[in-house]
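K.L.:
Following this line is structure.cif, made up of mmCIF, C-alpha atoms:
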data_work
loop_
_atom_site.group_PDB
_atom_site.id
_atom_site.type_symbol
_atom_site.label_atom_id
_atom_site.label_comp_id
_atom_site.auth_asym_id
_atom_site.auth_seq_id
_atom_site.Cartn_x
_atom_site.Cartn_y
_atom_site.Cartn_z
ATOM 1 C CA MET A 1385 19.722 -2.609 -42.475
ATOM 2 C CA ARG A 1386 19.274 1.085 -42.688
ATOM 3 C CA ALA A 1387 17.680 3.077 -45.495
ATOM 4 C CA ARG A 1388 17.897 6.765 -46.194
ATOM 5 C CA ILE A 1389 15.344 8.633 -48.229
ATOM 6 C CA ILE A 1390 16.127 12.162 -49.325
ATOM 7 C CA VAL A 1391 13.147 14.140 -50.551
ATOM 8 C CA THR A 1392 13.720 17.378 -52.450
ATOM 9 C CA PRO A 1393 11.362 19.853 -54.117
ATOM 10 C CA LYS A 1394 11.134 19.478 -57.888
ATOM 11 C CA LYS A 1395 12.990 22.169 -59.797
ATOM 12 C CA ALA A 1396 9.750 23.539 -61.280
ATOM 13 C CA VAL A 1397 8.226 24.100 -57.824
ATOM 14 C CA LEU A 1398 8.808 27.402 -56.106
ATOM 15 C CA ASP A 1399 11.105 26.762 -53.114
ATOM 16 C CA PRO A 1400 10.900 29.931 -51.002
ATOM 17 C CA GLN A 1401 12.551 28.166 -48.089
ATOM 18 C CA GLY A 1402 15.624 27.283 -50.143
ATOM 19 C CA LYS A 1403 15.777 30.825 -51.516
ATOM 20 C CA THR A 1404 15.540 32.349 -48.024
ATOM 21 C CA VAL A 1405 18.315 30.102 -46.723
ATOM 22 C CA GLN A 1406 20.443 31.016 -49.738
ATOM 23 C CA ASN A 1407 19.898 34.735 -49.077
ATOM 24 C CA ALA A 1408 20.824 34.271 -45.409
ATOM 25 C CA LEU A 1409 24.017 32.452 -46.362
ATOM 26 C CA GLU A 1410 24.945 35.297 -48.702
ATOM 27 C CA HIS A 1411 24.263 37.837 -45.937
ATOM 28 C CA MET A 1412 26.563 35.911 -43.640
ATOM 29 C CA GLY A 1413 29.328 36.221 -46.180
ATOM 30 C CA TYR A 1414 29.369 32.701 -47.589
ATOM 31 C CA SER A 1415 30.133 33.159 -51.263
ATOM 32 C CA GLY A 1416 29.715 31.073 -54.381
ATOM 33 C CA ILE A 1417 26.370 29.538 -53.387
ATOM 34 C CA THR A 1418 24.248 29.405 -56.529
ATOM 35 C CA ALA A 1419 21.173 27.602 -55.142
ATOM 36 C CA VAL A 1420 19.808 25.968 -52.004
ATOM 37 C CA HIS A 1421 17.016 23.407 -51.959
ATOM 38 C CA VAL A 1422 15.430 22.491 -48.644
ATOM 39 C CA GLY A 1423 13.946 19.015 -48.466
ATOM 40 C CA LYS A 1424 13.411 16.176 -46.021
ATOM 41 C CA TYR A 1425 15.591 13.350 -44.827
ATOM 42 C CA LEU A 1426 14.141 10.096 -43.533
ATOM 43 C CA GLU A 1427 16.196 7.390 -41.876
ATOM 44 C CA ILE A 1428 14.480 4.037 -41.808
ATOM 45 C CA GLU A 1429 15.671 1.016 -39.859
ATOM 46 C CA LEU A 1430 14.808 -2.386 -41.240
ATOM 47 C CA SER A 1431 14.983 -5.982 -40.099
ATOM 48 C CA GLY A 1432 16.195 -8.635 -42.572
ATOM 49 C CA THR A 1433 19.114 -8.677 -44.973
ATOM 50 C CA ASP A 1434 17.561 -8.739 -48.438
ATOM 51 C CA LYS A 1435 18.533 -5.349 -49.825
ATOM 52 C CA GLU A 1436 16.698 -5.787 -53.103
ATOM 53 C CA ALA A 1437 13.420 -6.670 -51.387
ATOM 54 C CA ALA A 1438 13.843 -3.699 -49.058
ATOM 55 C CA ARG A 1439 14.546 -1.432 -52.020
ATOM 56 C CA ARG A 1440 11.418 -2.567 -53.852
ATOM 57 C CA GLN A 1441 9.292 -2.065 -50.765
ATOM 58 C CA LEU A 1442 10.672 1.358 -49.874
ATOM 59 C CA ASP A 1443 10.640 2.544 -53.462
ATOM 60 C CA ALA A 1444 6.902 1.847 -53.558
ATOM 61 C CA ALA A 1445 6.393 3.526 -50.175
ATOM 62 C CA ALA A 1446 8.425 6.568 -51.192
ATOM 63 C CA HIS A 1447 6.441 6.953 -54.389
ATOM 64 C CA LYS A 1448 3.053 6.411 -52.791
ATOM 65 C CA PHE A 1449 3.445 8.059 -49.408
ATOM 66 C CA LEU A 1450 6.829 9.392 -48.283
ATOM 67 C CA SER A 1451 7.105 11.819 -51.211
ATOM 68 C CA ASN A 1452 4.495 13.530 -53.373
ATOM 69 C CA PRO A 1453 5.524 12.989 -57.022
ATOM 70 C CA VAL A 1454 3.596 16.112 -58.037
ATOM 71 C CA ILE A 1455 6.019 18.385 -56.189
ATOM 72 C CA GLU A 1456 8.930 16.283 -54.968
ATOM 73 C CA ASP A 1457 11.735 13.983 -56.128
ATOM 74 C CA TYR A 1458 13.347 11.404 -53.875
ATOM 75 C CA ARG A 1459 16.537 9.402 -53.660
ATOM 76 C CA LEU A 1460 16.718 6.084 -51.851
ATOM 77 C CA GLU A 1461 19.889 4.618 -50.359
ATOM 78 C CA ILE A 1462 20.151 1.304 -48.523
ATOM 79 C CA GLU A 1463 23.105 0.037 -46.541
ATOM 80 C CA MET B 680 -30.034 17.337 -46.798
ATOM 81 C CA ASN B 681 -27.503 15.362 -44.791
ATOM 82 C CA PHE B 682 -23.903 16.507 -44.679
ATOM 83 C CA ALA B 683 -21.138 14.279 -43.347
ATOM 84 C CA VAL B 684 -18.200 16.247 -41.944
ATOM 85 C CA VAL B 685 -15.034 14.222 -41.639
ATOM 86 C CA GLN B 686 -13.110 14.528 -38.374
ATOM 87 C CA PHE B 687 -9.399 13.778 -38.304
ATOM 88 C CA PRO B 688 -7.164 14.219 -35.266
ATOM 89 C CA ALA B 689 -6.437 18.001 -35.338
ATOM 90 C CA SER B 690 -9.271 18.955 -37.656
ATOM 91 C CA ASN B 691 -10.292 22.347 -36.281
ATOM 92 C CA CYS B 692 -12.901 23.726 -38.692
ATOM 93 C CA ASP B 693 -15.189 20.731 -38.390
ATOM 94 C CA GLN B 694 -17.507 22.445 -35.898
ATOM 95 C CA ASP B 695 -17.652 25.579 -38.041
ATOM 96 C CA ALA B 696 -18.629 23.491 -41.062
ATOM 97 C CA ILE B 697 -21.368 21.713 -39.085
ATOM 98 C CA HIS B 698 -22.654 25.071 -37.846
ATOM 99 C CA ALA B 699 -22.656 26.615 -41.329
ATOM 100 C CA VAL B 700 -24.839 23.760 -42.608
ATOM 101 C CA ARG B 701 -27.189 23.823 -39.622
ATOM 102 C CA VAL B 702 -27.871 27.562 -39.829
ATOM 103 C CA LEU B 703 -29.107 26.887 -43.348
ATOM 104 C CA GLY B 704 -31.617 24.444 -41.869
ATOM 105 C CA HIS B 705 -29.941 21.224 -42.947
ATOM 106 C CA SER B 706 -28.451 18.418 -40.956
ATOM 107 C CA ALA B 707 -24.788 17.725 -40.480
ATOM 108 C CA ARG B 708 -22.898 15.212 -38.392
ATOM 109 C CA TYR B 709 -19.325 14.156 -37.778
ATOM 110 C CA VAL B 710 -17.732 11.076 -39.264
ATOM 111 C CA TRP B 711 -14.679 9.879 -37.357
ATOM 112 C CA HIS B 712 -11.462 9.215 -39.296
ATOM 113 C CA LYS B 713 -11.391 5.577 -38.196
ATOM 114 C CA ASP B 714 -14.864 4.885 -39.572
ATOM 115 C CA ASN B 715 -14.990 2.722 -42.677
ATOM 116 C CA ALA B 716 -18.364 4.011 -43.812
ATOM 117 C CA LEU B 717 -20.004 7.410 -44.134
ATOM 118 C CA GLY B 718 -23.523 6.299 -43.260
ATOM 119 C CA VAL B 719 -26.424 8.257 -44.723
ATOM 120 C CA ALA B 720 -24.888 11.257 -46.483
ATOM 121 C CA ASP B 721 -25.862 13.462 -49.413
ATOM 122 C CA ALA B 722 -22.592 15.382 -49.357
ATOM 123 C CA VAL B 723 -19.245 15.190 -47.602
ATOM 124 C CA ILE B 724 -17.181 18.068 -46.259
ATOM 125 C CA VAL B 725 -13.501 17.500 -45.575
ATOM 126 C CA PRO B 726 -12.832 20.396 -43.198
ATOM 127 C CA GLY B 727 -9.856 22.572 -42.396
ATOM 128 C CA GLY B 728 -7.300 22.043 -39.700
ATOM 129 C CA PHE B 729 -3.980 20.293 -39.345
ATOM 130 C CA SER B 730 -4.926 16.647 -39.771
ATOM 131 C CA TYR B 731 -2.398 14.344 -38.097
ATOM 132 C CA GLY B 732 -0.334 17.397 -37.197
ATOM 133 C CA ASP B 733 0.451 18.056 -40.871
ATOM 134 C CA TYR B 734 3.255 15.528 -40.347
ATOM 135 C CA LEU B 735 5.269 14.560 -43.435
ATOM 136 C CA ARG B 736 3.095 16.769 -45.721
ATOM 137 C CA CYS B 737 -0.279 18.420 -45.232
ATOM 138 C CA GLY B 738 -2.898 15.749 -45.861
ATOM 139 C CA ALA B 739 -0.367 12.978 -46.550
ATOM 140 C CA ILE B 740 -1.386 10.810 -43.607
ATOM 141 C CA ALA B 741 -5.091 11.692 -43.585
ATOM 142 C CA ARG B 742 -5.294 10.407 -47.119
ATOM 143 C CA PHE B 743 -4.713 6.822 -45.933
ATOM 144 C CA SER B 744 -7.212 6.939 -43.065
ATOM 145 C CA PRO B 745 -10.130 4.471 -43.220
ATOM 146 C CA VAL B 746 -12.707 7.227 -43.704
ATOM 147 C CA MET B 747 -10.919 8.544 -46.793
ATOM 148 C CA GLN B 748 -11.384 5.191 -48.528
ATOM 149 C CA ALA B 749 -15.127 5.673 -47.942
ATOM 150 C CA VAL B 750 -14.929 9.279 -49.200
ATOM 151 C CA LYS B 751 -13.129 8.084 -52.341
ATOM 152 C CA GLN B 752 -15.822 5.498 -52.968
ATOM 153 C CA PHE B 753 -18.535 8.109 -52.344
ATOM 154 C CA ALA B 754 -16.870 10.469 -54.856
ATOM 155 C CA GLU B 755 -16.455 7.712 -57.437
ATOM 156 C CA ASN B 756 -20.201 7.054 -57.171
ATOM 157 C CA GLY B 757 -20.879 10.706 -57.989
ATOM 158 C CA GLY B 758 -21.346 11.984 -54.421
ATOM 159 C CA LEU B 759 -20.567 15.647 -53.733
ATOM 160 C CA VAL B 760 -17.351 16.252 -51.816
ATOM 161 C CA LEU B 761 -16.047 19.667 -50.744
ATOM 162 C CA GLY B 762 -12.570 20.049 -49.260
ATOM 163 C CA ILE B 763 -11.861 23.256 -47.379
ATOM 164 C CA CYS B 764 -8.287 24.372 -46.628
ATOM 165 C CA ASN B 765 -6.652 21.277 -45.093
ATOM 166 C CA GLY B 766 -9.516 19.348 -46.682
ATOM 167 C CA PHE B 767 -8.374 20.629 -50.092
ATOM 168 C CA GLN B 768 -4.842 19.469 -49.277
ATOM 169 C CA VAL B 769 -6.181 16.043 -48.272
ATOM 170 C CA LEU B 770 -8.157 15.727 -51.529
ATOM 171 C CA THR B 771 -5.079 16.538 -53.654
ATOM 172 C CA GLU B 772 -2.957 14.059 -51.691
ATOM 173 C CA ALA B 773 -5.713 11.463 -52.175
ATOM 174 C CA GLY B 774 -5.636 12.040 -55.925
ATOM 175 C CA LEU B 775 -9.285 13.161 -55.974
ATOM 176 C CA LEU B 776 -8.114 16.566 -57.192
ATOM 177 C CA PRO B 777 -4.997 17.302 -59.266
ATOM 178 C CA GLY B 778 -1.975 19.352 -58.195
ATOM 179 C CA ALA B 779 -0.630 20.101 -54.730
ATOM 180 C CA LEU B 780 -0.559 22.874 -52.131
ATOM 181 C CA VAL B 781 2.912 24.029 -51.112
ATOM 182 C CA ARG B 782 4.395 26.636 -48.760
ATOM 183 C CA ASN B 783 3.163 30.200 -49.298
ATOM 184 C CA ARG B 784 5.720 32.056 -51.391
ATOM 185 C CA ASP B 785 6.544 34.485 -48.552
ATOM 186 C CA LEU B 786 6.782 31.609 -46.034
ATOM 187 C CA GLU B 787 4.235 33.372 -43.831
ATOM 188 C CA PHE B 788 0.955 32.097 -42.450
ATOM 189 C CA HIS B 789 -1.806 34.262 -43.930
ATOM 190 C CA CYS B 790 -4.897 34.919 -41.873
ATOM 191 C CA GLU B 791 -6.990 37.596 -43.562
ATOM 192 C CA HIS B 792 -10.060 38.269 -45.666
ATOM 193 C CA ILE B 793 -9.476 38.064 -49.407
ATOM 194 C CA HIS B 794 -11.594 38.515 -52.518
ATOM 195 C CA LEU B 795 -12.576 35.559 -54.627
ATOM 196 C CA LYS B 796 -13.746 35.567 -58.185
ATOM 197 C CA THR B 797 -15.916 32.658 -59.359
ATOM 198 C CA LEU B 798 -14.961 31.457 -62.821
ATOM 199 C CA ALA B 799 -17.412 28.620 -63.368
ATOM 200 C CA ALA B 800 -21.070 28.803 -62.334
ATOM 201 C CA ASP B 801 -22.054 25.397 -63.737
ATOM 202 C CA THR B 802 -20.979 23.339 -60.746
ATOM 203 C CA PRO B 803 -22.708 22.050 -57.598
ATOM 204 C CA PHE B 804 -20.400 24.363 -55.627
ATOM 205 C CA THR B 805 -21.053 27.627 -57.468
ATOM 206 C CA ASN B 806 -24.556 27.541 -59.001
ATOM 207 C CA ARG B 807 -26.027 30.030 -56.467
ATOM 208 C CA ILE B 808 -23.240 32.609 -56.800
ATOM 209 C CA PRO B 809 -24.568 35.573 -58.814
ATOM 210 C CA ALA B 810 -22.572 36.356 -61.971
ATOM 211 C CA GLY B 811 -19.865 38.913 -61.271
ATOM 212 C CA LYS B 812 -20.240 38.699 -57.488
ATOM 213 C CA LEU B 813 -16.926 38.752 -55.644
ATOM 214 C CA LEU B 814 -16.852 36.696 -52.467
ATOM 215 C CA ARG B 815 -15.218 38.211 -49.398
ATOM 216 C CA ILE B 816 -13.991 35.203 -47.438
ATOM 217 C CA PRO B 817 -11.140 34.583 -44.985
ATOM 218 C CA ILE B 818 -8.064 32.492 -45.604
ATOM 219 C CA ALA B 819 -5.926 30.978 -42.854
ATOM 220 C CA HIS B 820 -3.059 28.876 -44.154
ATOM 221 C CA GLY B 821 0.691 28.531 -44.420
ATOM 222 C CA GLU B 822 0.680 26.060 -47.290
ATOM 223 C CA GLY B 823 -1.881 27.223 -49.781
ATOM 224 C CA CYS B 824 0.231 27.914 -52.831
ATOM 225 C CA TYR B 825 -1.400 25.880 -55.583
ATOM 226 C CA PHE B 826 1.018 24.053 -57.843
ATOM 227 C CA ALA B 827 0.432 21.790 -60.831
ATOM 228 C CA ASP B 828 2.492 21.095 -63.940
ATOM 229 C CA ASP B 829 1.738 22.977 -67.160
ATOM 230 C CA GLU B 830 -0.179 20.076 -68.640
ATOM 231 C CA THR B 831 -2.501 19.872 -65.626
ATOM 232 C CA LEU B 832 -3.032 23.647 -65.594
ATOM 233 C CA ALA B 833 -3.964 23.520 -69.290
ATOM 234 C CA LEU B 834 -6.471 20.738 -68.555
ATOM 235 C CA LEU B 835 -8.002 22.701 -65.673
ATOM 236 C CA LYS B 836 -8.369 25.764 -67.879
ATOM 237 C CA ALA B 837 -9.741 23.890 -70.871
ATOM 238 C CA GLY B 838 -12.211 21.985 -68.703
ATOM 239 C CA ASN B 839 -13.429 25.172 -66.967
ATOM 240 C CA ARG B 840 -12.385 23.565 -63.699
ATOM 241 C CA ILE B 841 -10.779 26.570 -62.015
ATOM 242 C CA LEU B 842 -13.725 27.527 -59.799
ATOM 243 C CA TRP B 843 -12.202 30.383 -57.814
ATOM 244 C CA GLN B 844 -9.297 32.779 -58.230
ATOM 245 C CA TYR B 845 -7.849 35.255 -55.740
ATOM 246 C CA CYS B 846 -8.489 38.771 -57.022
ATOM 247 C CA ASP B 847 -8.484 42.410 -55.971
ATOM 248 C CA ALA B 848 -11.588 44.437 -55.069
ATOM 249 C CA ASN B 849 -12.193 45.040 -58.783
ATOM 250 C CA GLY B 850 -12.149 41.375 -59.643
ATOM 251 C CA GLU B 851 -8.695 41.404 -61.224
ATOM 252 C CA PRO B 852 -6.494 38.420 -60.381
ATOM 253 C CA THR B 853 -3.408 40.596 -59.861
ATOM 254 C CA ASP B 854 -0.134 39.378 -58.402
ATOM 255 C CA ALA B 855 -0.594 41.698 -55.400
ATOM 256 C CA SER B 856 -3.962 40.116 -54.579
ATOM 257 C CA ASN B 857 -2.525 36.602 -54.732
ATOM 258 C CA PRO B 858 -1.834 35.854 -51.054
ATOM 259 C CA ASN B 859 0.306 32.771 -51.444
ATOM 260 C CA GLY B 860 1.796 32.595 -54.938
ATOM 261 C CA SER B 861 -0.720 30.096 -56.324
ATOM 262 C CA LEU B 862 -0.255 29.448 -60.042
ATOM 263 C CA LEU B 863 -2.935 31.265 -62.081
ATOM 264 C CA SER B 864 -4.110 32.723 -58.714
ATOM 265 C CA ILE B 865 -5.973 29.456 -58.160
ATOM 266 C CA ALA B 866 -7.950 29.364 -54.907
ATOM 267 C CA GLY B 867 -10.175 26.408 -55.749
ATOM 268 C CA ILE B 868 -10.729 23.768 -58.418
ATOM 269 C CA CYS B 869 -12.988 20.817 -59.180
ATOM 270 C CA ASN B 870 -12.431 17.373 -60.656
ATOM 271 C CA GLU B 871 -13.340 16.370 -64.182
ATOM 272 C CA SER B 872 -16.784 15.042 -63.215
ATOM 273 C CA ARG B 873 -17.453 18.252 -61.262
ATOM 274 C CA ASN B 874 -18.599 16.491 -58.099
ATOM 275 C CA VAL B 875 -15.423 17.023 -56.054
ATOM 276 C CA ALA B 876 -14.070 20.491 -55.292
ATOM 277 C CA GLY B 877 -11.492 22.007 -52.998
ATOM 278 C CA LEU B 878 -10.604 25.540 -51.993
ATOM 279 C CA MET B 879 -8.148 27.116 -49.574
ATOM 280 C CA PRO B 880 -10.432 29.942 -48.317
ATOM 281 C CA HIS B 881 -12.961 29.220 -45.557
ATOM 282 C CA PRO B 882 -16.590 29.707 -46.652
ATOM 283 C CA GLU B 883 -17.801 28.273 -43.314
ATOM 284 C CA ARG B 884 -16.125 31.191 -41.526
ATOM 285 C CA ALA B 885 -18.133 33.626 -43.618
ATOM 286 C CA SER B 886 -21.591 32.140 -43.445
ATOM 287 C CA GLU B 887 -23.428 34.648 -41.224
ATOM 288 C CA PRO B 888 -23.437 38.466 -41.176
ATOM 289 C CA VAL B 889 -22.265 38.412 -37.550
ATOM 290 C CA LEU B 890 -19.009 36.889 -38.781
ATOM 291 C CA GLY B 891 -18.322 39.943 -40.945
ATOM 292 C CA SER B 892 -19.389 38.322 -44.190
ATOM 293 C CA ALA B 893 -22.065 35.874 -45.243
ATOM 294 C CA ASP B 894 -20.632 35.364 -48.743
ATOM 295 C CA GLY B 895 -19.417 31.863 -47.941
ATOM 296 C CA ARG B 896 -23.006 30.797 -47.452
ATOM 297 C CA LEU B 897 -23.466 30.934 -51.240
ATOM 298 C CA ILE B 898 -21.164 27.941 -51.615
ATOM 299 C CA PHE B 899 -23.198 25.869 -49.132
ATOM 300 C CA GLU B 900 -26.427 27.063 -50.738
ATOM 301 C CA SER B 901 -25.062 25.952 -54.110
ATOM 302 C CA LEU B 902 -24.404 22.464 -52.747
ATOM 303 C CA ILE B 903 -27.893 22.287 -51.253
ATOM 304 C CA TYR B 904 -29.476 23.544 -54.487
ATOM 305 C CA ALA B 905 -27.525 20.983 -56.522
ATOM 306 C CA MET B 906 -28.725 18.160 -54.285
ATOM 307 C CA GLN B 907 -32.330 19.343 -54.360
ATOM 308 C CA HIS B 908 -32.315 19.881 -58.128
ATOM 309 C CA PRO B 909 -30.032 17.197 -59.572
ATOM 310 C CA GLN B 910 -31.385 17.591 -63.085
ATOM 311 C CA ALA B 911 -31.191 21.395 -63.112
ATOM 312 C CA ALA B 912 -27.651 21.246 -61.848
ATOM 313 C CA LYS B 913 -26.703 18.874 -64.635
ATOM 314 C CA ALA B 914 -28.322 21.019 -67.308
ATOM 315 C CA ALA B 915 -26.775 24.272 -66.033
#
Could you show the structure in this file as structure tokens?

P.N.:
Amino acid sequence: MRARIIVTPKKAVLDPQGKTVQNALEHMGYSGITAVHVGKYLEIELSGTDKEAARRQLDAAAHKFLSNPVIEDYRLEIE
Amino acid sequence: MNFAVVQFPASNCDQDAIHAVRVLGHSARYVWHKDNALGVADAVIVPGGFSYGDYLRCGAIARFSPVMQAVKQFAENGGLVLGICNGFQVLTEAGLLPGALVRNRDLEFHCEHIHLKTLAADTPFTNRIPAGKLLRIPIAHGEGCYFADDETLALLKAGNRILWQYCDANGEPTDASNPNGSLLSIAGICNESRNVAGLMPHPERASEPVLGSADGRLIFESLIYAMQHPQAAKAA
């Protein structure tokens, strides 16, 4: 199994990196971009086949360690 | 007094912290990150650096090291803990202090002397700082922008737990004197029980006149005073 965890800054947190990337895109002539948020992407490989058990385990890990709930949101996908 | 200075892989202000304590005539020793116990310690310093390479998030991995479980226990028993720079980041990640430190608003690493205003004198970290005295102390960080939600900020304010703010030479916490975009110009805070504090600036790098400023010494002297006069510190 493979899991993907996408960590993004919370909307209330200043994201200067996202803003800088957005400005650069505008400079390059890409139009219609209203916001950019720069986060992290983790790809996790797992043994076993129980998706629900893996989800429970990774959800706990993402909350406790892989993201910081004070400043970040995360999305977990398992396939 | 005995200071324990925690050493993580890639701590780099640990020696400075030890030196700052020793020049004041007190003892300090390292405690390795894999150690489960602190040994004999009156206070703990979690020093600056880039613990575990700052991988994932600053302080995120250090927080789960064996020594941090001992530091947590020490803090829960009322022991004095000071986190400096990366140490502040580690303490927020560990949940010993609220909020988080994120990328500086201009995305640049700031290495410069700043002015600090002390807002609360009734703590073990500030009791020796004369009223109205601005501290001239260096900062050196890329991720020192203090963030907390509105509710937490209100609690910090109401509890008189914002210990230091960035300010200009007149003591005004202006936007221009805020080096990293910290909310409320917060440079350092303490926990509710006032025995755990963290700050982004480096008092250990400003503890002797030869370093250009000895203002940081006041923070170490405050800690020492608090330990030598536990009752006075409580009454203050």

K.L.:
Env of B:Ile793: 8 Å cut, atoms = all atoms listed in the file, seq-sep filter 6 positions within chain, self excluded. Answer as an MDAnalysis selection string.

P.N.:
chainID B and resid 815:818 845:847 856

K.L.:
Which of these, B:Leu842, B:Ala720, B:Val710, B:Ile740, has the shortest distance to chain A once you count only C-alpha atoms?

P.N.:
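Closest candidate: B:Ile740.
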
K.L.:
Within 7 Å of chain B, which residues of chain A are there when counting only C-alpha atoms? Please give them as a list in words.

P.N.:
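Applying the cut-off to the listed atoms yields Pro1400, Phe1449 and Val1454 of chain A.
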
K.L.:
Find the spatial neighbours of B:Lys836, counting all atoms listed in the file, within a cut-off of 12 Å - ignore same-chain residues fewer than 2 positions away - and output them as a ChimeraX atom specification.

P.N.:
/B:798-799,827,829-834,838-844,862-863,865,868-871

K.L.:
Check what the PyMOL selection byres ((chain A and resi 1436) around 12) selects in the file above and give those residues as a PyMOL selection string.

P.N.:
chain A and resi 1385+1387+1432-1435+1437-1443+1460-1463

K.L.:
Kindly indicate which residue among B:Trp711, B:Tyr734, B:Phe729, B:Phe682 lies nearest to A:Lys1424, using all atoms listed in the file for the distances.

P.N.:
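For A:Lys1424, the nearest of the candidates is B:Tyr734.
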
K.L.:
Leaving out B:Asn715 and any residue of its chain fewer than 4 positions from it, which residues lie within 12 Å of it when counting only C-alpha atoms, given as an MDAnalysis selection string?

P.N.:
chainID B and resid 685 710:711 743:753

K.L.:
Which residue out of B:His908, B:Lys713, B:His792, B:Arg884 has the minimum interatomic distance to B:Cys692 when all atoms listed in the file are used?

P.N.:
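That would be B:Arg884, the residue with the smallest distance to B:Cys692.
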
K.L.:
Atom CA of B:Ser872 to atom CA of A:Ile1455: how many Å, to one decimal?

P.N.:
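About the pair atom CA of B:Ser872 and atom CA of A:Ile1455: they are 24.1 Å apart.
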
K.L.:
Check which residues of stretch 787-839 of chain B sit at most 12 Å from stretch 756-763 of chain B using only C-alpha atoms, and return one row each with the closest pair of atoms and their distance in Å to one decimal, ordered by chain and rising number, as CSV.

P.N.:
residue,atom,partner,partner_atom,distance
B:Thr802,CA,B:Leu759,CA,10.4
B:Pro803,CA,B:Leu759,CA,7.8
B:Phe804,CA,B:Leu761,CA,8.1
B:Thr805,CA,B:Leu761,CA,11.6
B:Pro817,CA,B:Ile763,CA,11.6
B:Ile818,CA,B:Ile763,CA,10.1
B:Ala819,CA,B:Ile763,CA,10.7
B:His820,CA,B:Ile763,CA,10.9
B:Gly823,CA,B:Ile763,CA,11.0

K.L.:
Kindly indicate which residue among B:Val719, B:Leu813, B:Ile898, B:Cys737 lies nearest to B:Asn765, using all atoms listed in the file for the distances.

P.N.:
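The closest residue to B:Asn765 is B:Cys737.
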
K.L.:
Suppose you want the space between atom CA of B:Leu770 and atom CA of B:Gly877; what is it in Å?

P.N.:
7.3 Å

K.L.:
What does the PyMOL selection byres ((chain B and resi 887) around 12) select in this file, as a list in words?

P.N.:
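That selection, the PyMOL selection byres ((chain B and resi 887) around 12), comes back as Asp695, His698, Ala699, Val700, Arg701, Val702, Leu703, Ile816, Pro882, Glu883, Arg884, Ala885, Ser886, Pro888, Val889, Leu890, Gly891, Ser892, Ala893, Asp894, Gly895, Arg896, Leu897 and Phe899 of chain B.
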
K.L.:
Residues at most 12 Å from A:Val1405, counting only C-alpha atoms, excluding those fewer than 3 positions away in the same chain, as a PyMOL selection string?

P.N.:
(chain A and resi 1399-1402+1408-1412+1414+1417-1422) or (chain B and resi 786)

K.L.:
Okay, now the selection with C-alpha atoms, as a CSV table (one decimal), keeping the file's coordinate frame?

P.N.:
chain,number,residue,atom,x,y,z
A,1399,ASP,CA,11.1,26.8,-53.1
A,1400,PRO,CA,10.9,29.9,-51.0
A,1401,GLN,CA,12.6,28.2,-48.1
A,1402,GLY,CA,15.6,27.3,-50.1
A,1408,ALA,CA,20.8,34.3,-45.4
A,1409,LEU,CA,24.0,32.5,-46.4
A,1410,GLU,CA,24.9,35.3,-48.7
A,1411,HIS,CA,24.3,37.8,-45.9
A,1412,MET,CA,26.6,35.9,-43.6
A,1414,TYR,CA,29.4,32.7,-47.6
A,1417,ILE,CA,26.4,29.5,-53.4
A,1418,THR,CA,24.2,29.4,-56.5
A,1419,ALA,CA,21.2,27.6,-55.1
A,1420,VAL,CA,19.8,26.0,-52.0
A,1421,HIS,CA,17.0,23.4,-52.0
A,1422,VAL,CA,15.4,22.5,-48.6
B,786,LEU,CA,6.8,31.6,-46.0

K.L.:
What does the distance between atom CA of A:Tyr1425 and atom CA of A:Asp1457 come to in Å, to one decimal place?

P.N.:
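Separating atom CA of A:Tyr1425 from atom CA of A:Asp1457 is a distance of 12.0 Å.
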
K.L.:
Quick one: of A:Gln1406, A:Ser1431, A:Gly1423, A:Ala1396, who's nearest to A:Arg1459, counting all atoms listed in the file?

P.N.:
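Ranking A:Gln1406, A:Ser1431, A:Gly1423, A:Ala1396 by distance to A:Arg1459, first place goes to A:Gly1423.
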
K.L.:
Select, from B:Ala848, B:Leu776, B:Ala837, B:Gly704, the residue with the minimum atom-to-atom distance to B:Gly811, counting all atoms listed in the file.

P.N.:
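Looking only at the distances to B:Gly811, the closest residue turns out to be B:Ala848.
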
K.L.:
What residues come out when you apply the PyMOL selection byres ((chain B and resi 906) around 10) to this file, written as a list in words?

P.N.:
Met680, Asn681, Asp721, Ala722, Gly758, Leu759, Pro803, Glu900, Ser901, Leu902, Ile903, Tyr904, Ala905, Gln907, His908, Pro909, Gln910, Ala911 and Ala912 of chain B

K.L.:
Could you save the residues just selected, with C-alpha atoms, as a CSV table (one decimal), in the coordinates of the input?

P.N.:
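Heads up, here's the output in part-v3.csv:
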chain,number,residue,atom,x,y,z
B,680,MET,CA,-30.0,17.3,-46.8
B,681,ASN,CA,-27.5,15.4,-44.8
B,721,ASP,CA,-25.9,13.5,-49.4
B,722,ALA,CA,-22.6,15.4,-49.4
B,758,GLY,CA,-21.3,12.0,-54.4
B,759,LEU,CA,-20.6,15.6,-53.7
B,803,PRO,CA,-22.7,22.0,-57.6
B,900,GLU,CA,-26.4,27.1,-50.7
B,901,SER,CA,-25.1,26.0,-54.1
B,902,LEU,CA,-24.4,22.5,-52.7
B,903,ILE,CA,-27.9,22.3,-51.3
B,904,TYR,CA,-29.5,23.5,-54.5
B,905,ALA,CA,-27.5,21.0,-56.5
B,907,GLN,CA,-32.3,19.3,-54.4
B,908,HIS,CA,-32.3,19.9,-58.1
B,909,PRO,CA,-30.0,17.2,-59.6
B,910,GLN,CA,-31.4,17.6,-63.1
B,911,ALA,CA,-31.2,21.4,-63.1
B,912,ALA,CA,-27.7,21.2,-61.8
